[in-house]
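Inspection log for the structure reproduced underneath, given as structure tokens.
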Amino acid sequence: MEFCVLTSLCLAAQVQSYTSSSNKNKLITMKLYLLMLVAASSVQAFKLKEDKVKVLLYDDPDCHWCQLFMTEQLQPTFKEIGDIMEVEVNTYGFTQEPYEAGEFINNRIMECAQLYTSDTGVFLDFAACFMPDPHDGSGCASKFGIDWNTISTCAEGDEGINLLHEAGVREDAQEPVVWFYPWIAINGVGPNTEAQDNLKAEVCKAYTGTPPPACST
């Protein structure tokens with residue numbers, strides 16, 4: 001991290017200039033140095049987060065093309081260059097409200113899994129396993145260390161219903177209107193149809209920082 005290195009050198013030089021000061025002044029100077037170093041590191045961390053490419057996916061877990069996009073594009077791309085990606089998956093899809101208690105359960109499972117899985121990579125691993133074979137949700141959850149009881153309880157209860165409704169509100173607010181799946185937006189601009197077949201290339205193209213080596217392969 002070049003920014004942190006340069007900042008550290010500058011601050012170190014400032015500290016050295018005070019070597020003739022009293023012990024008390026040295027202590028104050030060292031505390032100031034540490035505080036400034038922490039602040040500099042925080043600025044760099046914020047900058048890295050801001051540089052991330054925002055990938056927003058509107059899909060439906062029962063949609064064949066959505067399953068292919070998840071397993072062949074989104075999940076493997078995140079494994080390669082996830083450090084420069086910020087991913088959100090919205091699975092309202094073909095939901096029609098109001099609906100019966102047992103309907104659109106797979107959509108609710110996806111929304112609940114995303115909520116209760118803090119690691120984006122783990123969530124995408126689960127999604128790539130679950131979407132093509134939704135009858136083995138517990139097996140997919142177990143494979144990636146996710147608490148299936150939490151996910152299923154959420155999906156089968158009011159929480160899952162509310163999450164799916166909120167997903168619908170977000171999709172309805174999307175401009176232009178979402179009218180097919182998978183619908184991909186890169187940094188708020190969509191639909192990006194090129195991303196359907198080569199998501200990595202579109203993310204690397206949108207990234208404003210120094211691209212990772214994987215962007216060259």
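How things are named: the first chain in the structure tokens is A, the next is B, and so on; residues count from 1 in each chain; ligands count from 1 in the order shown.
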Got a sec: who's within 10 Å of Gly82 (chain A), counting only C-alpha atoms, leaving out chain neighbours fewer than 5 positions off, as a list in words? Lys52, Val53, Leu74, Gln75, Pro76, Thr77, Val87, Thr120, Gly121, Lys200 and Val203 of chain A
For the residues selected in the previous step, produce a file with all heavy atoms as a short mmCIF file (atom, residue, chain, number, x, y, z; two decimals), in the first residue's frame.
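Saved result, part32.cif, follows:
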data_model
loop_
_atom_site.label_atom_id
_atom_site.label_comp_id
_atom_site.auth_asym_id
_atom_site.auth_seq_id
_atom_site.Cartn_x
_atom_site.Cartn_y
_atom_site.Cartn_z
N LYS A 52 -14.04 -0.34 -5.02
CA LYS A 52 -14.66 -1.60 -5.40
C LYS A 52 -15.77 -1.39 -6.43
O LYS A 52 -16.51 -0.42 -6.39
CB LYS A 52 -15.22 -2.32 -4.17
CG LYS A 52 -14.14 -2.92 -3.27
CD LYS A 52 -14.72 -3.82 -2.22
CE LYS A 52 -13.63 -4.51 -1.41
NZ LYS A 52 -14.18 -5.48 -0.44
N VAL A 53 -15.86 -2.36 -7.33
CA VAL A 53 -16.89 -2.31 -8.37
C VAL A 53 -18.17 -2.92 -7.80
O VAL A 53 -18.16 -4.05 -7.29
CB VAL A 53 -16.45 -3.10 -9.61
CG1 VAL A 53 -17.55 -3.10 -10.67
CG2 VAL A 53 -15.15 -2.50 -10.17
N LEU A 74 -20.81 -15.32 -11.85
CA LEU A 74 -20.69 -14.54 -10.61
C LEU A 74 -19.83 -15.23 -9.56
O LEU A 74 -18.87 -14.64 -9.03
CB LEU A 74 -22.08 -14.23 -10.05
CG LEU A 74 -22.10 -13.34 -8.79
CD1 LEU A 74 -21.30 -12.05 -9.02
CD2 LEU A 74 -23.54 -13.01 -8.40
N GLN A 75 -20.15 -16.49 -9.24
CA GLN A 75 -19.39 -17.17 -8.19
C GLN A 75 -17.92 -17.37 -8.57
O GLN A 75 -17.02 -17.03 -7.79
CB GLN A 75 -20.06 -18.50 -7.83
CG GLN A 75 -19.43 -19.20 -6.64
CD GLN A 75 -18.66 -20.44 -7.07
OE1 GLN A 75 -18.44 -20.68 -8.26
NE2 GLN A 75 -18.26 -21.24 -6.08
N PRO A 76 -17.60 -17.87 -9.76
CA PRO A 76 -16.18 -18.02 -10.10
C PRO A 76 -15.44 -16.70 -10.26
O PRO A 76 -14.26 -16.60 -9.92
CB PRO A 76 -16.21 -18.81 -11.42
CG PRO A 76 -17.59 -18.70 -11.94
CD PRO A 76 -18.48 -18.50 -10.76
N THR A 77 -16.13 -15.66 -10.76
CA THR A 77 -15.49 -14.36 -10.88
C THR A 77 -15.14 -13.80 -9.52
O THR A 77 -14.06 -13.24 -9.31
CB THR A 77 -16.40 -13.37 -11.65
OG1 THR A 77 -16.58 -13.83 -12.99
CG2 THR A 77 -15.79 -11.97 -11.68
N VAL A 87 -20.83 -7.10 -3.99
CA VAL A 87 -21.91 -7.82 -4.66
C VAL A 87 -23.20 -7.78 -3.85
O VAL A 87 -23.19 -7.97 -2.63
CB VAL A 87 -21.52 -9.29 -4.91
CG1 VAL A 87 -22.68 -10.07 -5.52
CG2 VAL A 87 -20.30 -9.37 -5.81
N THR A 120 -19.45 -12.68 1.73
CA THR A 120 -20.04 -12.71 0.40
C THR A 120 -19.62 -13.94 -0.39
O THR A 120 -20.44 -14.55 -1.09
CB THR A 120 -19.66 -11.44 -0.40
OG1 THR A 120 -20.10 -10.29 0.32
CG2 THR A 120 -20.29 -11.45 -1.78
N GLY A 121 -18.36 -14.32 -0.29
CA GLY A 121 -17.88 -15.49 -1.00
C GLY A 121 -18.59 -16.76 -0.59
O GLY A 121 -18.94 -17.60 -1.43
N LYS A 200 -16.15 -11.05 -15.52
CA LYS A 200 -14.81 -10.63 -15.08
C LYS A 200 -14.29 -9.47 -15.91
O LYS A 200 -13.74 -8.50 -15.38
CB LYS A 200 -13.83 -11.80 -15.12
CG LYS A 200 -12.47 -11.44 -14.55
CD LYS A 200 -11.57 -12.65 -14.40
CE LYS A 200 -10.92 -13.01 -15.70
NZ LYS A 200 -9.83 -14.02 -15.52
N VAL A 203 -16.08 -6.24 -14.91
CA VAL A 203 -15.65 -5.74 -13.60
C VAL A 203 -14.26 -5.13 -13.70
O VAL A 203 -14.00 -4.03 -13.19
CB VAL A 203 -15.67 -6.87 -12.55
CG1 VAL A 203 -15.01 -6.41 -11.24
CG2 VAL A 203 -17.11 -7.32 -12.27
#
Give me the residues near Met110 (chain A) as a CSV table (one decimal) with N, CA, C and O atoms, in the first residue's frame, where near means some atom within 9 Å (using only C-alpha atoms) and where sequence neighbours in that chain fewer than 2 positions away do not count.
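Output below, filename out_9.csv:
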chain,number,residue,atom,x,y,z
A,61,PRO,N,-34.1,-17.7,-8.5
A,61,PRO,CA,-33.4,-18.9,-8.3
A,61,PRO,C,-33.9,-20.1,-9.2
A,61,PRO,O,-33.1,-21.0,-9.4
A,89,VAL,N,-27.2,-9.4,-4.4
A,89,VAL,CA,-28.1,-10.3,-5.2
A,89,VAL,C,-29.5,-10.0,-4.7
A,89,VAL,O,-29.9,-10.2,-3.5
A,90,ASN,N,-30.4,-9.7,-5.6
A,90,ASN,CA,-31.8,-9.4,-5.3
A,90,ASN,C,-32.6,-10.5,-6.0
A,90,ASN,O,-32.7,-10.5,-7.2
A,91,THR,N,-33.3,-11.3,-5.2
A,91,THR,CA,-34.0,-12.5,-5.8
A,91,THR,C,-35.5,-12.4,-5.7
A,91,THR,O,-36.2,-13.4,-5.4
A,105,ILE,N,-40.6,-20.2,-2.1
A,105,ILE,CA,-39.7,-20.5,-0.9
A,105,ILE,C,-38.3,-20.3,-1.3
A,105,ILE,O,-37.4,-19.9,-0.5
A,106,ASN,N,-37.9,-20.7,-2.5
A,106,ASN,CA,-36.5,-20.6,-2.9
A,106,ASN,C,-36.0,-19.2,-3.0
A,106,ASN,O,-34.9,-18.9,-2.6
A,107,ASN,N,-36.9,-18.3,-3.4
A,107,ASN,CA,-36.5,-16.8,-3.4
A,107,ASN,C,-36.3,-16.4,-1.9
A,107,ASN,O,-35.3,-15.6,-1.7
A,108,ARG,N,-37.1,-16.8,-1.0
A,108,ARG,CA,-37.0,-16.4,0.4
A,108,ARG,C,-35.7,-17.0,1.0
A,108,ARG,O,-35.0,-16.4,1.8
A,112,CYS,N,-32.8,-14.9,2.7
A,112,CYS,CA,-32.4,-15.1,4.1
A,112,CYS,C,-30.9,-15.6,4.2
A,112,CYS,O,-30.2,-15.2,5.1
A,113,ALA,N,-30.5,-16.3,3.2
A,113,ALA,CA,-29.1,-16.8,3.2
A,113,ALA,C,-28.1,-15.6,3.0
A,113,ALA,O,-27.1,-15.5,3.7
A,114,GLN,N,-28.5,-14.6,2.2
A,114,GLN,CA,-27.7,-13.4,2.0
A,114,GLN,C,-27.7,-12.6,3.3
A,114,GLN,O,-26.6,-12.1,3.7
A,115,LEU,N,-28.8,-12.5,4.0
A,115,LEU,CA,-28.9,-11.7,5.2
A,115,LEU,C,-28.0,-12.3,6.3
A,115,LEU,O,-27.3,-11.6,7.0
A,123,PHE,N,-21.6,-16.9,0.8
A,123,PHE,CA,-23.0,-16.8,0.3
A,123,PHE,C,-23.1,-17.2,-1.2
A,123,PHE,O,-24.0,-18.0,-1.6
A,127,ALA,N,-25.1,-20.1,-3.0
A,127,ALA,CA,-26.1,-19.9,-4.1
A,127,ALA,C,-25.8,-20.7,-5.3
A,127,ALA,O,-26.7,-21.2,-5.9
A,130,PHE,N,-27.0,-24.2,-4.4
A,130,PHE,CA,-28.5,-24.3,-4.1
A,130,PHE,C,-29.3,-24.0,-5.3
A,130,PHE,O,-30.3,-24.8,-5.6
A,131,MET,N,-29.0,-23.0,-6.1
A,131,MET,CA,-29.9,-22.7,-7.2
A,131,MET,C,-30.1,-23.8,-8.2
A,131,MET,O,-31.2,-24.0,-8.6
A,151,ILE,N,-31.5,-20.3,8.3
A,151,ILE,CA,-32.0,-19.9,7.0
A,151,ILE,C,-33.4,-20.4,6.8
A,151,ILE,O,-34.3,-19.7,6.3
A,155,ALA,N,-36.8,-18.3,6.2
A,155,ALA,CA,-37.5,-18.4,4.9
A,155,ALA,C,-39.0,-18.8,5.1
A,155,ALA,O,-39.8,-18.4,4.4
Can you measure CA of His135 (chain A) to CA of Tyr99 (chain A) for me? One decimal in Å is fine.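 So the answer is 20.5 Å.
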Surrounding residues of Glu166 (chain A) excluding itself and chain neighbours under 6 positions, 10 Å, only C-alpha atoms, as a list of chain:residue names: A:Asn90, A:Tyr92, A:Glu111, A:Gly160, A:Asp172
Got time to write the residues from that selection, N, CA and C atoms, as an mmCIF file, in the first residue's frame?
data_model
loop_
_atom_site.group_PDB
_atom_site.id
_atom_site.type_symbol
_atom_site.label_atom_id
_atom_site.label_comp_id
_atom_site.auth_asym_id
_atom_site.auth_seq_id
_atom_site.Cartn_x
_atom_site.Cartn_y
_atom_site.Cartn_z
ATOM 1 N N ASN A 90 -30.393 -9.652 -5.620
ATOM 2 C CA ASN A 90 -31.798 -9.372 -5.320
ATOM 3 C C ASN A 90 -32.635 -10.453 -6.002
ATOM 4 N N TYR A 92 -36.024 -11.232 -6.002
ATOM 5 C CA TYR A 92 -37.487 -11.139 -6.068
ATOM 6 C C TYR A 92 -38.002 -11.924 -7.274
ATOM 7 N N GLU A 111 -32.827 -14.863 -0.103
ATOM 8 C CA GLU A 111 -32.787 -13.593 0.629
ATOM 9 C C GLU A 111 -32.309 -13.803 2.065
ATOM 10 N N GLY A 160 -38.857 -14.051 6.284
ATOM 11 C CA GLY A 160 -38.611 -14.340 4.883
ATOM 12 C C GLY A 160 -39.607 -13.636 3.972
ATOM 13 N N ASP A 172 -38.656 -2.811 -8.010
ATOM 14 C CA ASP A 172 -39.603 -1.873 -8.615
ATOM 15 C C ASP A 172 -39.009 -0.476 -8.757
#
Using only C-alpha atoms, determine which residues lie at most 12 Å from Pro98 (chain A), disregarding the query and same-chain residues fewer than 5 positions distant; provide the list as a list in words.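 Those residues are Glu103, Phe104, Ile161, Asn162, Leu164, His165 and Gly168 of chain A.
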Please give the complete set of residues from region 97-177 of chain A that DSSP, run on the backbone, assigns to helix (DSSP H, G or I), formatted as a tab-separated table (two decimals) with N, CA, C and O atoms, in the first residue's frame.
chain	number	residue	atom	x	y	z
A	105	ILE	N	-40.59	-20.16	-2.10
A	105	ILE	CA	-39.74	-20.45	-0.94
A	105	ILE	C	-38.27	-20.33	-1.31
A	105	ILE	O	-37.44	-19.91	-0.49
A	106	ASN	N	-37.92	-20.70	-2.55
A	106	ASN	CA	-36.51	-20.62	-2.94
A	106	ASN	C	-36.02	-19.17	-2.98
A	106	ASN	O	-34.86	-18.89	-2.63
A	107	ASN	N	-36.90	-18.27	-3.39
A	107	ASN	CA	-36.54	-16.84	-3.38
A	107	ASN	C	-36.28	-16.38	-1.95
A	107	ASN	O	-35.33	-15.64	-1.68
A	108	ARG	N	-37.13	-16.84	-1.04
A	108	ARG	CA	-36.97	-16.42	0.36
A	108	ARG	C	-35.72	-17.04	0.97
A	108	ARG	O	-35.03	-16.39	1.78
A	109	ILE	N	-35.41	-18.27	0.60
A	109	ILE	CA	-34.18	-18.90	1.10
A	109	ILE	C	-32.96	-18.09	0.66
A	109	ILE	O	-32.04	-17.85	1.45
A	110	MET	N	-32.96	-17.65	-0.58
A	110	MET	CA	-31.83	-16.86	-1.06
A	110	MET	C	-31.70	-15.54	-0.31
A	110	MET	O	-30.59	-15.12	0.07
A	111	GLU	N	-32.83	-14.86	-0.10
A	111	GLU	CA	-32.79	-13.59	0.63
A	111	GLU	C	-32.31	-13.80	2.07
A	111	GLU	O	-31.51	-13.02	2.59
A	112	CYS	N	-32.79	-14.86	2.70
A	112	CYS	CA	-32.39	-15.15	4.08
A	112	CYS	C	-30.92	-15.55	4.16
A	112	CYS	O	-30.21	-15.15	5.08
A	113	ALA	N	-30.47	-16.34	3.19
A	113	ALA	CA	-29.07	-16.77	3.18
A	113	ALA	C	-28.15	-15.57	3.03
A	113	ALA	O	-27.09	-15.49	3.68
A	114	GLN	N	-28.52	-14.62	2.19
A	114	GLN	CA	-27.70	-13.43	2.01
A	114	GLN	C	-27.67	-12.59	3.29
A	114	GLN	O	-26.62	-12.06	3.67
A	115	LEU	N	-28.80	-12.52	3.97
A	115	LEU	CA	-28.87	-11.74	5.21
A	115	LEU	C	-28.00	-12.35	6.30
A	115	LEU	O	-27.29	-11.63	7.02
A	116	TYR	N	-28.05	-13.67	6.44
A	116	TYR	CA	-27.39	-14.33	7.56
A	116	TYR	C	-26.00	-14.88	7.23
A	116	TYR	O	-25.41	-15.56	8.07
A	120	THR	N	-19.45	-12.68	1.73
A	120	THR	CA	-20.04	-12.71	0.40
A	120	THR	C	-19.62	-13.94	-0.39
A	120	THR	O	-20.44	-14.55	-1.09
A	121	GLY	N	-18.36	-14.32	-0.29
A	121	GLY	CA	-17.88	-15.49	-1.00
A	121	GLY	C	-18.59	-16.76	-0.59
A	121	GLY	O	-18.94	-17.60	-1.43
A	122	VAL	N	-18.83	-16.91	0.71
A	122	VAL	CA	-19.54	-18.09	1.22
A	122	VAL	C	-20.99	-18.08	0.73
A	122	VAL	O	-21.52	-19.12	0.34
A	123	PHE	N	-21.61	-16.91	0.76
A	123	PHE	CA	-22.99	-16.82	0.25
A	123	PHE	C	-23.06	-17.22	-1.21
A	123	PHE	O	-23.96	-17.95	-1.63
A	124	LEU	N	-22.13	-16.75	-2.02
A	124	LEU	CA	-22.14	-17.08	-3.45
A	124	LEU	C	-21.84	-18.57	-3.67
A	124	LEU	O	-22.39	-19.18	-4.59
A	125	ASP	N	-21.00	-19.16	-2.83
A	125	ASP	CA	-20.77	-20.60	-2.90
A	125	ASP	C	-22.07	-21.36	-2.64
A	125	ASP	O	-22.41	-22.31	-3.34
A	126	PHE	N	-22.77	-20.91	-1.61
A	126	PHE	CA	-24.06	-21.52	-1.29
A	126	PHE	C	-25.04	-21.36	-2.44
A	126	PHE	O	-25.72	-22.31	-2.85
A	127	ALA	N	-25.13	-20.15	-2.99
A	127	ALA	CA	-26.07	-19.87	-4.07
A	127	ALA	C	-25.77	-20.73	-5.29
A	127	ALA	O	-26.69	-21.24	-5.95
A	128	ALA	N	-24.49	-20.89	-5.62
A	128	ALA	CA	-24.10	-21.69	-6.78
A	128	ALA	C	-24.41	-23.17	-6.57
A	128	ALA	O	-24.63	-23.91	-7.54
A	129	CYS	N	-24.46	-23.59	-5.34
A	129	CYS	CA	-24.83	-24.97	-5.01
A	129	CYS	C	-26.35	-25.14	-4.96
A	129	CYS	O	-26.90	-26.11	-5.50
A	130	PHE	N	-27.02	-24.16	-4.36
A	130	PHE	CA	-28.46	-24.27	-4.09
A	130	PHE	C	-29.32	-24.03	-5.32
A	130	PHE	O	-30.30	-24.76	-5.57
A	134	PRO	N	-32.25	-26.97	-5.66
A	134	PRO	CA	-32.88	-26.39	-4.46
A	134	PRO	C	-33.42	-27.42	-3.46
A	134	PRO	O	-33.76	-27.06	-2.34
A	135	HIS	N	-33.49	-28.68	-3.88
A	135	HIS	CA	-33.97	-29.71	-2.95
A	135	HIS	C	-32.91	-30.09	-1.92
A	135	HIS	O	-33.21	-30.82	-0.98
A	136	ASP	N	-31.69	-29.62	-2.11
A	136	ASP	CA	-30.62	-29.97	-1.18
A	136	ASP	C	-30.07	-28.73	-0.48
A	136	ASP	O	-28.87	-28.57	-0.34
A	137	GLY	N	-30.98	-27.87	-0.05
A	137	GLY	CA	-30.55	-26.65	0.63
A	137	GLY	C	-29.75	-26.92	1.87
A	137	GLY	O	-28.73	-26.28	2.13
A	138	SER	N	-30.17	-27.91	2.65
A	138	SER	CA	-29.45	-28.22	3.89
A	138	SER	C	-28.06	-28.75	3.59
A	138	SER	O	-27.09	-28.44	4.30
A	139	GLY	N	-27.95	-29.56	2.53
A	139	GLY	CA	-26.64	-30.08	2.15
A	139	GLY	C	-25.70	-28.98	1.69
A	139	GLY	O	-24.51	-28.97	2.04
A	140	CYS	N	-26.22	-28.04	0.91
A	140	CYS	CA	-25.41	-26.90	0.46
A	140	CYS	C	-24.97	-26.05	1.65
A	140	CYS	O	-23.82	-25.60	1.72
A	141	ALA	N	-25.89	-25.82	2.58
A	141	ALA	CA	-25.56	-25.02	3.75
A	141	ALA	C	-24.48	-25.70	4.58
A	141	ALA	O	-23.50	-25.07	5.00
A	142	SER	N	-24.64	-26.99	4.80
A	142	SER	CA	-23.65	-27.74	5.57
A	142	SER	C	-22.29	-27.73	4.90
A	142	SER	O	-21.25	-27.60	5.56
A	143	LYS	N	-22.26	-27.84	3.61
A	143	LYS	CA	-21.01	-27.87	2.85
A	143	LYS	C	-20.19	-26.61	3.05
A	143	LYS	O	-18.95	-26.66	3.07
A	148	TRP	N	-28.23	-24.03	8.51
A	148	TRP	CA	-29.44	-24.23	7.72
A	148	TRP	C	-30.69	-23.97	8.54
A	148	TRP	O	-31.69	-23.46	8.01
A	149	ASN	N	-30.67	-24.27	9.82
A	149	ASN	CA	-31.85	-24.05	10.65
A	149	ASN	C	-32.22	-22.57	10.69
A	149	ASN	O	-33.39	-22.20	10.60
A	150	THR	N	-31.21	-21.71	10.78
A	150	THR	CA	-31.45	-20.26	10.78
A	150	THR	C	-32.06	-19.82	9.45
A	150	THR	O	-33.01	-19.03	9.42
A	151	ILE	N	-31.50	-20.34	8.34
A	151	ILE	CA	-31.97	-19.95	7.02
A	151	ILE	C	-33.40	-20.43	6.78
A	151	ILE	O	-34.26	-19.67	6.31
A	152	SER	N	-33.67	-21.70	7.10
A	152	SER	CA	-35.00	-22.25	6.83
A	152	SER	C	-36.05	-21.62	7.73
A	152	SER	O	-37.19	-21.37	7.29
A	153	THR	N	-35.70	-21.35	8.99
A	153	THR	CA	-36.64	-20.69	9.89
A	153	THR	C	-37.00	-19.30	9.38
A	153	THR	O	-38.16	-18.89	9.40
A	154	CYS	N	-36.00	-18.60	8.91
A	154	CYS	CA	-36.21	-17.26	8.33
A	154	CYS	C	-37.11	-17.37	7.10
A	154	CYS	O	-38.10	-16.63	6.97
A	155	ALA	N	-36.78	-18.29	6.20
A	155	ALA	CA	-37.50	-18.39	4.92
A	155	ALA	C	-38.95	-18.80	5.10
A	155	ALA	O	-39.84	-18.36	4.35
A	156	GLU	N	-39.23	-19.63	6.07
A	156	GLU	CA	-40.58	-20.16	6.27
A	156	GLU	C	-41.45	-19.26	7.15
A	156	GLU	O	-42.65	-19.50	7.28
A	158	ASP	N	-42.33	-15.09	8.90
A	158	ASP	CA	-42.63	-13.72	8.49
A	158	ASP	C	-41.39	-12.96	8.02
A	158	ASP	O	-41.48	-12.09	7.15
A	159	GLU	N	-40.25	-13.31	8.61
A	159	GLU	CA	-39.03	-12.61	8.23
A	159	GLU	C	-38.73	-12.81	6.75
A	159	GLU	O	-38.39	-11.86	6.04
A	160	GLY	N	-38.86	-14.05	6.28
A	160	GLY	CA	-38.61	-14.34	4.88
A	160	GLY	C	-39.61	-13.64	3.97
A	160	GLY	O	-39.24	-13.14	2.90
A	161	ILE	N	-40.87	-13.60	4.40
A	161	ILE	CA	-41.90	-12.90	3.63
A	161	ILE	C	-41.56	-11.42	3.51
A	161	ILE	O	-41.66	-10.82	2.43
A	162	ASN	N	-41.13	-10.82	4.62
A	162	ASN	CA	-40.80	-9.40	4.62
A	162	ASN	C	-39.56	-9.11	3.77
A	162	ASN	O	-39.51	-8.11	3.05
A	163	LEU	N	-38.57	-10.00	3.86
A	163	LEU	CA	-37.36	-9.81	3.06
A	163	LEU	C	-37.67	-9.87	1.57
A	163	LEU	O	-37.14	-9.08	0.78
A	164	LEU	N	-38.53	-10.80	1.19
A	164	LEU	CA	-38.88	-10.92	-0.22
A	164	LEU	C	-39.68	-9.71	-0.69
A	164	LEU	O	-39.48	-9.22	-1.81
A	165	HIS	N	-40.56	-9.21	0.17
A	165	HIS	CA	-41.31	-8.00	-0.18
A	165	HIS	C	-40.36	-6.82	-0.38
A	165	HIS	O	-40.50	-6.05	-1.34
A	166	GLU	N	-39.38	-6.68	0.51
A	166	GLU	CA	-38.41	-5.59	0.39
A	166	GLU	C	-37.60	-5.72	-0.89
A	166	GLU	O	-37.25	-4.71	-1.53
A	167	ALA	N	-37.29	-6.97	-1.28
A	167	ALA	CA	-36.58	-7.20	-2.53
A	167	ALA	C	-37.42	-6.71	-3.71
A	167	ALA	O	-36.90	-6.14	-4.68
A	168	GLY	N	-38.72	-6.93	-3.62
A	168	GLY	CA	-39.63	-6.45	-4.66
A	168	GLY	C	-39.68	-4.94	-4.74
A	168	GLY	O	-39.73	-4.36	-5.83
A	169	VAL	N	-39.65	-4.29	-3.59
A	169	VAL	CA	-39.65	-2.83	-3.56
A	169	VAL	C	-38.39	-2.29	-4.23
A	169	VAL	O	-38.44	-1.33	-5.02
A	170	ARG	N	-37.25	-2.92	-3.92
A	170	ARG	CA	-35.99	-2.47	-4.54
A	170	ARG	C	-36.01	-2.69	-6.05
A	170	ARG	O	-35.56	-1.83	-6.81
A	171	GLU	N	-36.55	-3.83	-6.47
A	171	GLU	CA	-36.58	-4.10	-7.91
A	171	GLU	C	-37.52	-3.12	-8.63
A	171	GLU	O	-37.21	-2.64	-9.71
A	172	ASP	N	-38.66	-2.81	-8.01
A	172	ASP	CA	-39.60	-1.87	-8.62
A	172	ASP	C	-39.01	-0.48	-8.76
A	172	ASP	O	-39.41	0.29	-9.63
A	173	ALA	N	-38.05	-0.15	-7.87
A	173	ALA	CA	-37.44	1.18	-7.90
A	173	ALA	C	-36.31	1.28	-8.92
A	173	ALA	O	-35.80	2.37	-9.17
